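**Student:** input_34.txt (compact mmCIF, C-alpha atoms and all ligand atoms) pasted underneath:
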```
# COMPACT_ATOMS: atom_id res chain seq x y z
CA MET A 1 -175.16 -101.98 -78.56
CA GLU A 2 -173.05 -103.89 -81.02
CA ILE A 3 -171.78 -102.10 -84.14
CA LEU A 4 -172.18 -103.64 -87.60
CA LEU A 5 -169.66 -101.49 -89.50
CA GLY A 6 -166.44 -103.50 -89.42
CA LYS A 7 -168.08 -106.94 -89.51
CA THR A 8 -167.31 -109.31 -92.37
CA LYS A 9 -170.04 -110.94 -94.46
CA GLU A 10 -169.50 -114.17 -92.53
CA GLU A 11 -170.04 -112.35 -89.24
CA LEU A 12 -173.13 -110.65 -90.66
CA ARG A 13 -174.53 -114.13 -91.37
CA GLU A 14 -174.54 -114.75 -87.63
CA VAL A 15 -176.17 -111.35 -87.05
CA ALA A 16 -178.89 -112.24 -89.55
CA ARG A 17 -179.46 -115.57 -87.80
CA GLN A 18 -179.76 -113.91 -84.41
CA VAL A 19 -182.43 -111.44 -85.53
CA GLY A 20 -184.38 -114.05 -87.46
CA LEU A 21 -183.41 -112.93 -90.98
CA PRO A 22 -182.66 -115.53 -93.67
CA ALA A 23 -178.98 -116.35 -94.32
CA PHE A 24 -179.02 -114.50 -97.70
CA ALA A 25 -179.81 -111.28 -95.81
CA ALA A 26 -176.14 -111.21 -94.74
CA GLY A 27 -175.21 -110.34 -98.34
CA GLN A 28 -177.86 -107.61 -98.42
CA LEU A 29 -176.63 -106.21 -95.10
CA ALA A 30 -173.04 -106.20 -96.37
CA GLN A 31 -174.10 -104.34 -99.52
CA TRP A 32 -176.03 -101.74 -97.55
CA LEU A 33 -173.11 -101.20 -95.18
CA TYR A 34 -170.18 -101.28 -97.56
CA GLN A 35 -171.49 -100.44 -101.04
CA HIS A 36 -174.45 -98.12 -100.42
CA GLY A 37 -172.95 -96.62 -97.23
CA ALA A 38 -176.25 -96.81 -95.33
CA SER A 39 -176.34 -94.85 -92.07
CA HIS A 40 -179.63 -96.23 -90.71
CA PHE A 41 -181.44 -99.56 -90.81
CA ASP A 42 -184.51 -97.82 -92.29
CA GLU A 43 -182.54 -97.30 -95.51
CA MET A 44 -182.21 -101.08 -95.93
CA THR A 45 -185.50 -101.38 -97.75
CA ASN A 46 -185.01 -104.90 -99.14
CA LEU A 47 -184.88 -106.29 -95.57
CA SER A 48 -188.23 -107.09 -93.95
CA LYS A 49 -189.65 -104.42 -91.61
CA LYS A 50 -189.64 -106.97 -88.79
CA GLY A 51 -185.99 -107.78 -89.48
CA ARG A 52 -185.06 -104.09 -89.48
CA GLU A 53 -186.84 -103.57 -86.14
CA ALA A 54 -185.00 -106.56 -84.68
CA LEU A 55 -181.70 -105.14 -85.93
CA LYS A 56 -182.50 -101.77 -84.33
CA ALA A 57 -183.17 -103.46 -81.01
CA HIS A 58 -179.75 -105.10 -80.82
CA TYR A 59 -177.35 -103.33 -83.17
CA GLU A 60 -176.18 -99.98 -84.47
CA VAL A 61 -174.86 -99.33 -87.98
CA GLY A 62 -171.87 -97.53 -86.46
CA ARG A 63 -171.75 -94.37 -88.55
CA SER A 64 -170.81 -91.07 -86.89
CA ALA A 65 -170.57 -87.74 -88.70
CA PRO A 66 -167.50 -85.55 -88.15
CA LEU A 67 -167.73 -83.21 -85.17
CA SER A 68 -165.94 -80.37 -86.95
CA SER A 69 -163.99 -79.56 -90.09
CA GLN A 70 -161.30 -77.20 -91.32
CA HIS A 71 -160.54 -76.35 -94.92
CA SER A 72 -157.17 -75.29 -96.31
CA VAL A 73 -156.59 -72.74 -99.04
CA ASP A 74 -155.00 -75.59 -101.05
CA GLY A 75 -158.24 -77.68 -101.02
CA THR A 76 -157.19 -80.05 -98.25
CA SER A 77 -159.83 -80.70 -95.58
CA LYS A 78 -159.38 -81.96 -92.05
CA TYR A 79 -162.16 -83.59 -90.02
CA LEU A 80 -162.48 -84.44 -86.34
CA PHE A 81 -164.26 -87.78 -85.86
CA PRO A 82 -165.59 -89.17 -82.59
CA VAL A 83 -164.36 -92.62 -81.54
CA ARG A 84 -166.89 -95.03 -80.02
CA GLY A 85 -164.62 -96.15 -77.20
CA GLY A 86 -163.86 -92.53 -76.27
CA GLY A 87 -161.77 -89.73 -77.68
CA GLN A 88 -161.48 -88.23 -81.14
CA VAL A 89 -159.22 -88.56 -84.16
CA GLU A 90 -158.34 -86.44 -87.15
CA THR A 91 -158.80 -87.46 -90.78
CA VAL A 92 -157.46 -85.56 -93.77
CA PHE A 93 -158.85 -85.50 -97.32
CA ILE A 94 -156.31 -84.42 -99.96
CA PRO A 95 -157.69 -83.78 -103.47
CA ASP A 96 -155.23 -83.79 -106.36
CA GLY A 97 -156.81 -83.72 -109.81
CA ASP A 98 -158.74 -86.97 -110.28
CA ARG A 99 -157.15 -88.40 -107.17
CA GLY A 100 -158.66 -88.12 -103.70
CA THR A 101 -156.48 -89.46 -100.91
CA VAL A 102 -157.71 -89.92 -97.37
CA CYS A 103 -155.21 -90.03 -94.55
CA VAL A 104 -156.89 -92.06 -91.78
CA SER A 105 -156.05 -92.48 -88.10
CA CYS A 106 -155.91 -95.86 -86.36
CA GLN A 107 -155.38 -94.96 -82.69
CA VAL A 108 -156.43 -92.22 -80.27
CA GLY A 109 -153.01 -90.69 -79.62
CA CYS A 110 -149.98 -92.93 -80.06
CA LYS A 111 -147.50 -94.90 -77.95
CA MET A 112 -144.48 -94.22 -80.15
CA HIS A 113 -143.59 -90.73 -78.86
CA CYS A 114 -141.76 -89.66 -82.03
CA ALA A 115 -140.21 -86.30 -81.17
CA PHE A 116 -141.25 -84.53 -84.38
CA CYS A 117 -144.94 -85.46 -84.15
CA MET A 118 -147.76 -83.67 -82.37
CA THR A 119 -149.71 -86.92 -81.93
CA GLY A 120 -146.69 -88.47 -80.22
CA ARG A 121 -147.00 -85.80 -77.53
CA GLN A 122 -150.58 -86.76 -76.71
CA GLY A 123 -149.74 -90.19 -75.32
CA PHE A 124 -151.84 -93.27 -76.08
CA HIS A 125 -155.57 -93.36 -75.33
CA GLY A 126 -156.88 -96.37 -77.21
CA HIS A 127 -157.13 -98.42 -80.39
CA LEU A 128 -159.68 -97.73 -83.09
CA THR A 129 -161.87 -100.63 -84.16
CA ALA A 130 -162.13 -101.49 -87.85
CA GLY A 131 -165.54 -99.80 -87.70
CA ASP A 132 -163.99 -96.59 -86.33
CA ILE A 133 -161.41 -96.68 -89.14
CA LEU A 134 -164.02 -97.29 -91.86
CA ASN A 135 -166.29 -94.60 -90.44
CA GLN A 136 -163.60 -92.03 -91.32
CA LEU A 137 -164.12 -93.05 -94.97
CA TYR A 138 -167.84 -93.75 -95.08
CA SER A 139 -168.82 -90.61 -93.13
CA LEU A 140 -166.40 -88.34 -94.96
CA PRO A 141 -168.29 -85.62 -96.87
CA GLU A 142 -166.03 -86.33 -99.89
CA ARG A 143 -166.69 -90.08 -99.75
CA ASP A 144 -167.56 -90.36 -103.43
CA ARG A 145 -164.23 -88.77 -104.40
CA ILE A 146 -161.97 -91.17 -102.48
CA THR A 147 -159.52 -93.05 -104.71
CA ASN A 148 -156.74 -93.94 -102.23
CA VAL A 149 -156.29 -94.46 -98.51
CA VAL A 150 -153.10 -93.98 -96.52
CA PHE A 151 -152.75 -95.07 -92.90
CA MET A 152 -150.57 -92.09 -92.03
CA GLY A 153 -152.82 -90.26 -89.61
CA GLN A 154 -152.73 -90.56 -85.86
CA GLY A 155 -151.39 -93.80 -84.38
CA GLU A 156 -149.00 -96.56 -85.40
CA PRO A 157 -150.80 -99.06 -87.67
CA MET A 158 -148.55 -102.00 -86.75
CA ASP A 159 -149.58 -101.50 -83.12
CA ASN A 160 -153.26 -101.98 -84.06
CA LEU A 161 -152.76 -104.40 -86.89
CA ASP A 162 -155.84 -106.60 -86.37
CA ASN A 163 -158.14 -103.66 -86.92
CA VAL A 164 -156.05 -102.11 -89.70
CA LEU A 165 -155.96 -105.40 -91.64
CA ARG A 166 -159.67 -105.97 -91.11
CA ALA A 167 -160.47 -102.46 -92.42
CA THR A 168 -158.26 -102.98 -95.50
CA GLN A 169 -159.82 -106.40 -96.15
CA LEU A 170 -163.30 -104.90 -96.05
CA LEU A 171 -162.26 -102.20 -98.54
CA MET A 172 -160.94 -104.94 -100.84
CA ALA A 173 -163.93 -107.31 -100.38
CA ASP A 174 -166.20 -107.88 -103.37
CA TYR A 175 -169.14 -106.79 -101.21
CA GLY A 176 -167.21 -103.61 -100.23
CA TRP A 177 -165.44 -101.26 -102.63
CA ALA A 178 -163.62 -104.21 -104.27
CA TRP A 179 -160.42 -102.18 -104.19
CA SER A 180 -157.01 -103.39 -105.30
CA PRO A 181 -154.45 -103.37 -102.44
CA LYS A 182 -152.50 -100.93 -104.65
CA ARG A 183 -154.87 -98.20 -103.50
CA ILE A 184 -153.94 -98.61 -99.85
CA THR A 185 -150.68 -97.64 -98.11
CA VAL A 186 -149.88 -98.57 -94.52
CA SER A 187 -147.11 -96.70 -92.74
CA THR A 188 -144.91 -97.67 -89.80
CA VAL A 189 -141.95 -96.50 -87.76
CA GLY A 190 -140.87 -100.17 -87.66
CA LEU A 191 -142.53 -102.42 -85.07
CA GLN A 192 -141.10 -105.90 -85.48
CA LYS A 193 -144.08 -108.06 -84.57
CA GLY A 194 -146.60 -106.09 -86.58
CA MET A 195 -144.38 -105.59 -89.60
CA LEU A 196 -143.51 -109.29 -89.89
CA ARG A 197 -147.20 -110.15 -89.87
CA PHE A 198 -148.10 -107.34 -92.27
CA LEU A 199 -145.46 -108.49 -94.77
CA ASP A 200 -146.89 -112.01 -94.76
CA GLU A 201 -150.60 -111.20 -94.66
CA SER A 202 -151.09 -108.02 -96.68
CA GLN A 203 -150.41 -106.95 -100.25
CA CYS A 204 -150.98 -103.25 -99.50
CA HIS A 205 -148.13 -100.80 -100.03
CA LEU A 206 -145.76 -100.20 -97.12
CA ALA A 207 -144.31 -96.80 -96.15
CA VAL A 208 -141.54 -96.77 -93.55
CA SER A 209 -140.81 -93.62 -91.54
CA LEU A 210 -137.03 -93.55 -91.84
CA HIS A 211 -136.00 -89.91 -91.26
CA ASN A 212 -132.36 -90.70 -90.40
CA PRO A 213 -130.04 -93.45 -91.70
CA PHE A 214 -127.86 -93.55 -88.54
CA PRO A 215 -129.42 -95.71 -85.78
CA ASP A 216 -128.22 -93.60 -82.83
CA GLU A 217 -129.46 -90.36 -84.38
CA ARG A 218 -132.75 -91.97 -85.43
CA ALA A 219 -133.25 -93.29 -81.90
CA SER A 220 -133.02 -89.76 -80.52
CA MET A 221 -136.15 -88.89 -82.49
CA ILE A 222 -137.95 -92.24 -82.89
CA PRO A 223 -137.76 -94.34 -79.70
CA ALA A 224 -138.99 -97.45 -81.59
CA GLU A 225 -135.52 -97.56 -83.19
CA ILE A 226 -134.12 -98.86 -79.87
CA ALA A 227 -136.38 -101.93 -79.95
CA TRP A 228 -135.80 -102.77 -83.63
CA SER A 229 -133.07 -100.99 -85.51
CA LEU A 230 -133.39 -99.78 -89.07
CA THR A 231 -130.36 -101.88 -90.06
CA ASP A 232 -132.29 -105.02 -89.06
CA PHE A 233 -135.62 -104.11 -90.61
CA ILE A 234 -134.05 -102.92 -93.86
CA ALA A 235 -132.19 -106.25 -94.05
CA LEU A 236 -135.54 -107.98 -93.60
CA LEU A 237 -137.28 -105.82 -96.22
CA LYS A 238 -134.56 -106.70 -98.73
CA ARG A 239 -135.65 -110.33 -98.54
CA TYR A 240 -139.13 -109.51 -99.90
CA ASP A 241 -140.11 -108.99 -103.51
CA TRP A 242 -141.08 -105.36 -104.19
CA THR A 243 -140.94 -105.57 -107.96
CA HIS A 244 -144.55 -106.60 -108.55
CA GLN A 245 -147.72 -105.33 -106.99
CA ARG A 246 -146.59 -104.16 -103.57
CA ARG A 247 -144.59 -100.95 -103.29
CA LEU A 248 -142.07 -99.99 -100.63
CA SER A 249 -141.37 -96.37 -99.79
CA PHE A 250 -139.27 -94.61 -97.18
CA GLU A 251 -140.48 -91.35 -95.71
CA TYR A 252 -137.68 -88.88 -94.97
CA THR A 253 -138.56 -85.58 -93.31
CA VAL A 254 -135.61 -83.30 -93.96
CA MET A 255 -134.52 -81.37 -90.86
CA GLN A 256 -131.83 -78.74 -90.75
CA GLY A 257 -128.60 -79.94 -89.13
CA PHE A 258 -130.16 -83.29 -88.20
CA ASN A 259 -130.33 -85.39 -91.36
CA ASP A 260 -129.40 -83.15 -94.31
CA SER A 261 -125.60 -83.56 -94.57
CA PRO A 262 -123.59 -85.29 -97.31
CA ALA A 263 -122.79 -88.04 -94.76
CA HIS A 264 -126.50 -88.70 -94.29
CA VAL A 265 -127.08 -88.87 -98.01
CA ARG A 266 -124.11 -91.23 -98.49
CA GLU A 267 -125.43 -93.51 -95.75
CA LEU A 268 -128.92 -93.46 -97.29
CA CYS A 269 -127.41 -94.52 -100.62
CA ARG A 270 -125.49 -97.34 -98.92
CA LEU A 271 -128.56 -98.56 -96.99
CA LEU A 272 -131.10 -98.39 -99.80
CA GLY A 273 -128.86 -98.93 -102.84
CA GLY A 274 -130.07 -101.82 -105.01
CA MET A 275 -133.49 -101.98 -103.31
CA GLU A 276 -136.68 -101.68 -105.29
CA CYS A 277 -138.06 -98.72 -103.35
CA ARG A 278 -138.70 -95.01 -103.46
CA VAL A 279 -137.83 -92.21 -101.07
CA ASN A 280 -140.34 -89.47 -100.32
CA LEU A 281 -138.68 -86.32 -99.04
CA ILE A 282 -141.02 -84.40 -96.73
CA ARG A 283 -140.72 -80.79 -95.67
CA CYS A 284 -140.30 -80.40 -91.93
CA HIS A 285 -143.12 -78.48 -90.24
CA GLU A 286 -142.19 -76.65 -87.08
CA ILE A 287 -144.07 -77.55 -83.95
CA PRO A 288 -143.81 -75.71 -80.63
CA ASP A 289 -140.70 -76.44 -78.51
CA SER A 290 -139.27 -78.71 -81.20
CA PRO A 291 -135.54 -78.74 -82.04
CA TYR A 292 -136.33 -79.67 -85.66
CA HIS A 293 -136.41 -77.02 -88.34
CA PRO A 294 -137.03 -76.99 -92.11
CA VAL A 295 -134.27 -76.75 -94.70
CA PRO A 296 -134.20 -74.42 -97.70
CA GLU A 297 -135.80 -75.73 -100.90
CA ARG A 298 -132.36 -76.02 -102.55
CA THR A 299 -131.32 -78.55 -99.88
CA MET A 300 -134.41 -80.66 -100.58
CA GLU A 301 -133.60 -80.58 -104.28
CA TRP A 302 -129.92 -81.42 -103.68
CA ILE A 303 -130.84 -84.50 -101.60
CA ARG A 304 -133.37 -85.58 -104.22
CA ASP A 305 -130.84 -85.20 -107.02
CA GLU A 306 -128.08 -87.06 -105.12
CA LEU A 307 -130.33 -90.01 -104.31
CA THR A 308 -131.67 -90.09 -107.86
CA ARG A 309 -128.09 -90.01 -109.21
CA HIS A 310 -127.43 -93.15 -107.16
CA GLY A 311 -130.41 -94.94 -108.69
CA ILE A 312 -132.89 -94.35 -105.84
CA THR A 313 -136.24 -93.04 -107.08
CA THR A 314 -136.84 -89.93 -104.99
CA THR A 315 -139.59 -87.32 -104.95
CA ILE A 316 -140.23 -84.22 -102.87
CA ARG A 317 -143.69 -84.66 -101.44
CA ALA A 318 -145.96 -81.64 -101.80
CA SER A 319 -146.88 -80.26 -98.41
CA ARG A 320 -150.65 -80.03 -98.07
CA GLY A 321 -152.93 -78.46 -95.47
CA GLN A 322 -150.23 -76.74 -93.43
CA ASP A 323 -152.49 -73.77 -92.65
CA ILE A 324 -155.02 -76.08 -90.94
CA LEU A 325 -152.38 -78.23 -89.19
CA ALA A 326 -153.15 -81.17 -91.46
CA ALA A 327 -149.63 -81.72 -92.82
CA CYS A 328 -147.22 -84.48 -91.75
CA GLY A 329 -146.49 -84.49 -88.03
CA LEU A 330 -149.05 -81.79 -87.25
CA LEU A 331 -152.14 -83.88 -86.48
CA SER A 332 -153.27 -83.41 -82.93
CA THR A 333 -156.69 -83.38 -81.36
CA LYS A 334 -155.40 -80.78 -78.92
CA GLU A 335 -155.91 -77.16 -79.83
CA THR A 336 -152.52 -75.87 -80.96
CA GLU A 337 -151.42 -72.85 -82.90
CA PRO A 338 -148.93 -73.40 -85.70
CA VAL A 339 -145.53 -71.77 -85.31
CA ARG A 340 -145.01 -69.16 -88.00
S1 LIG B 1 -145.11 -90.24 -86.23
FE1 LIG B 1 -146.66 -91.85 -86.26
S2 LIG B 1 -145.79 -93.43 -84.94
FE2 LIG B 1 -144.66 -91.55 -84.46
S3 LIG B 1 -145.78 -90.61 -82.74
FE3 LIG B 1 -146.62 -89.74 -84.63
S4 LIG B 1 -148.40 -90.99 -85.10
FE4 LIG B 1 -147.13 -92.15 -83.66
```
How does the structure come out when it is put into structure tokens?
**Tutor:**
Amino acid sequence: MEILLGKTKEELREVARQVGLPAFAAGQLAQWLYQHGASHFDEMTNLSKKGREALKAHYEVGRSAPLSSQHSVDGTSKYLFPVRGGGQVETVFIPDGDRGTVCVSCQVGCKMHCAFCMTGRQGFHGHLTAGDILNQLYSLPERDRITNVVFMGQGEPMDNLDNVLRATQLLMADYGWAWSPKRITVSTVGLQKGMLRFLDESQCHLAVSLHNPFPDERASMIPAEIAWSLTDFIALLKRYDWTHQRRLSFEYTVMQGFNDSPAHVRELCRLLGGMECRVNLIRCHEIPDSPYHPVPERTMEWIRDELTRHGITTTIRASRGQDILAACGLLSTKETEPVR
């Protein structure tokens, strides 16, 4: 059966036509799906009973509750959602005062094979539809507390850009949550085709997984570097205007002996100097059989202070949900014990 979650209002017009509902019912359907978060057609009480029965015969709303959940001592929650095409993905809700950020997944597994990431070890098993992506928000128990969405869960968003853009457009639609693009951040390791299109078609924030300023060292951890080097994509990013609505950030997981030396910091300053951007320093989380290890807190602070001294806005990102394997690089739908 066809799924309605993920369809635009224009596409819902065709659905309405096919089941014999008047054209204006498309607006009502869109409101039920995207504003009221309806799970069943029976909730759509301003549609005729006959129309609802016809919808049930041919369509599904497309909502699926999480299969399981884990809750961290720091308030972070992690959910396992089923994916319609097969497989499961993890979604993380991170409360912080009035802010509620959801980290969504966009693929089952991932093709990028980044060496520091548990998802990268799973291999690729499929793309999520826009409906699968939105279900992680609409079926989240904390749905009413969501203020921001980051595409930093499982999968590479630029490798599934059609569905990622569609999901963001539905969040921003006046018949959806009417969000500003400022509330949405899309991350990437740097895929040329997807990033070029994203830069031209989206006003959402962009977060680039940098992690090392030297191309050969970065390539040893992020294979995508070989196809499109950071020197080329940073040159491209410098041609765009980041001073207004859209924000550019670089994610930098600090790993002992790999990217924490004065030479790395100098090269970061050279690469990013003069750019309107921010650097988020992330604590490294150990995963089994990984050569990457965390640095002491004083090293994180030293890197932050050096970058800041050179005019690069830099923050140390709080690590959330480590005890439930919900922190950066730890998402995996395979059962795995954290390394202590
Ligand atoms: S870090 Fe992101 S792009 Fe790299 S393997 Fe993990 S999920 Fe994929």
**Student:** One number please: CA of Arg246 (chain A) to CA of Val164 (chain A), in Å, one decimal.
**Tutor:** 16.9 Å
**Student:** How big is the axis-aligned box around the listed atoms of ligand LIG 1 (chain B) once 6 Å is added on each side, and where is its centre? Give both in Å to one decimal, as AutoDock Vina command-line options.
**Tutor:**
```
--center_x -146.5 --center_y -91.6 --center_z -84.5 --size_x 15.7 --size_y 15.7 --size_z 15.5
```
**Student:** Can you work out which one of A:Gln203, A:Asn160, A:Ser261, A:Thr119 has the shortest atom-to-atom distance to Pro181 (chain A), counting all atoms listed in the file?
**Tutor:** A:Gln203
**Student:** Can you tell me, as an mmCIF file with C-alpha atoms, in the frame of the given file, what residues are no more than 9 Å from Glu225 (chain A) when counting only C-alpha atoms, ignoring any on the same chain fewer than 4 positions away?
**Tutor:**
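around-v1.cif was written with the following content:
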```cif
data_model
loop_
_atom_site.group_PDB
_atom_site.id
_atom_site.type_symbol
_atom_site.label_atom_id
_atom_site.label_comp_id
_atom_site.auth_asym_id
_atom_site.auth_seq_id
_atom_site.Cartn_x
_atom_site.Cartn_y
_atom_site.Cartn_z
ATOM 1 C CA VAL A 189 -141.950 -96.500 -87.760
ATOM 2 C CA GLY A 190 -140.870 -100.170 -87.660
ATOM 3 C CA LEU A 191 -142.530 -102.420 -85.070
ATOM 4 C CA PRO A 215 -129.420 -95.710 -85.780
ATOM 5 C CA ASP A 216 -128.220 -93.600 -82.830
ATOM 6 C CA ARG A 218 -132.750 -91.970 -85.430
ATOM 7 C CA ALA A 219 -133.250 -93.290 -81.900
ATOM 8 C CA SER A 220 -133.020 -89.760 -80.520
ATOM 9 C CA MET A 221 -136.150 -88.890 -82.490
ATOM 10 C CA SER A 229 -133.070 -100.990 -85.510
ATOM 11 C CA LEU A 230 -133.390 -99.780 -89.070
#
```
**Student:** Looking at A:Val149, A:Leu165, A:Val92, A:Cys110, which one is nearest to ligand LIG 1 (chain B), with distances taken over all atoms listed in the file?
**Tutor:**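 Closest residue, counting all atoms listed in the file: A:Cys110.
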**Student:** Compile the contact shell of Gln31 (chain A) as a short mmCIF file (atom, residue, chain, number, x, y, z; two decimals) with C-alpha atoms, in the coordinates of the input: residues with an atom at most 10 Å away, counting all atoms listed in the file, same-chain residues fewer than 6 positions apart removed.
**Tutor:**
```cif
data_model
loop_
_atom_site.label_atom_id
_atom_site.label_comp_id
_atom_site.auth_asym_id
_atom_site.auth_seq_id
_atom_site.Cartn_x
_atom_site.Cartn_y
_atom_site.Cartn_z
CA LYS A 9 -170.04 -110.94 -94.46
CA ALA A 25 -179.81 -111.28 -95.81
CA GLY A 37 -172.95 -96.62 -97.23
CA ALA A 38 -176.25 -96.81 -95.33
CA MET A 44 -182.21 -101.08 -95.93
CA ASP A 174 -166.20 -107.88 -103.37
CA TYR A 175 -169.14 -106.79 -101.21
CA GLY A 176 -167.21 -103.61 -100.23
CA TRP A 177 -165.44 -101.26 -102.63
#
```
**Student:** I need the residue nearest ligand LIG 1 (chain B) from this list: A:Cys114, A:Met195, A:Val150, A:Cys204. Use only C-alpha atoms and all ligand atoms for the distance.
**Tutor:**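 Checking each candidate against ligand LIG 1 (chain B), we get A:Cys114 as the closest.
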**Student:** Please return as JSON, numbers by chain the residues found within 7 Å of ligand LIG 1 (chain B), counting only C-alpha atoms and all ligand atoms.
**Tutor:** {"A": [110, 111, 112, 113, 114, 117, 118, 119, 120, 152, 153, 154, 155, 156, 188, 189, 222, 329]}
**Student:** Determine the nearest neighbour of Ile133 (chain A) from the options A:Thr147, A:Gly109, A:Arg63, A:Ser202, counting all atoms listed in the file.
**Tutor:**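 For Ile133 (chain A), the nearest of the given residues is A:Arg63.
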**Student:** One decimal, Å: what's the distance from CA of Ala57 (chain A) over to CA of Glu2 (chain A), could you say?
**Tutor:**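 According to the coordinates, CA of Ala57 (chain A) and CA of Glu2 (chain A) are separated by 10.1 Å.
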**Student:** Would you kindly return, as JSON, numbers by chain, each protein, DNA or RNA residue with an atom no farther than 9 Å from any atom of Trp242 (chain A), considering all atoms listed in the file and excluding same-chain residues fewer than 3 positions away?
**Tutor:** {"A": [237, 238, 245, 246, 247, 248, 275, 276, 277]}
**Student:** Dig up all the protein and nucleic acid residues within 6 Å of (-168.2, -99.3, -85.7) in the file frame, using all atoms listed in the file, and format them as a VMD selection string.
**Tutor:** chain A and resid 3 5 to 6 62 131 to 132
**Student:** Rounded to one decimal place, report the CA of Glu301 (chain A)-CA of Thr315 (chain A) distance in Å.
**Tutor:**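 We find that CA of Glu301 (chain A) and CA of Thr315 (chain A) lie 9.0 Å from each other.
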**Student:** May I ask which of the residues A:Ala318, A:Leu140, A:Cys103, A:Leu171 is the closest one to Leu33 (chain A), counting all atoms listed in the file?
**Tutor:**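 Nearest candidate to Leu33 (chain A) out of A:Ala318, A:Leu140, A:Cys103, A:Leu171: A:Leu171.
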**Student:** Rank nothing, just name the residue among A:Ile324, A:His293, A:Phe24, A:His211 nearest to Glu10 (chain A), using all atoms listed in the file.
**Tutor:** A:Phe24
**Student:** Within 9 Å of (-156.7, -79.7, -90.5) (coordinates as in the file), grab all the protein and nucleic acid residues, counting only C-alpha atoms, and write them out as a list in words.
**Tutor:**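 Selection result: Ser69, Gln70, His71, Ser72, Thr76, Ser77, Lys78, Tyr79, Leu80, Glu90, Thr91, Val92, Gly321, Gln322, Asp323, Ile324, Leu325, Ala326, Ala327, Leu330 and Leu331 of chain A.
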**Student:** Can you list, as a list in words, every protein, DNA or RNA residue that comes within 10 Å of Trp179 (chain A) when you count only C-alpha atoms, leaving out same-chain residues fewer than 4 positions away?
**Tutor:**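 Final neighbour list, sorted by chain and number: Thr147, Asn148, Thr168, Gln169, Leu170, Leu171, Met172, Ala173, Asp174, Arg183 and Ile184 of chain A.
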**Student:** Residues within 8 Å of Thr313 (chain A), please, as a list in words. Count only C-alpha atoms; anything in the same chain fewer than 4 positions from it doesn't count.
**Tutor:**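 Contacts, in chain order: Cys277, Arg278, Val279, Leu307 and Thr308 of chain A.
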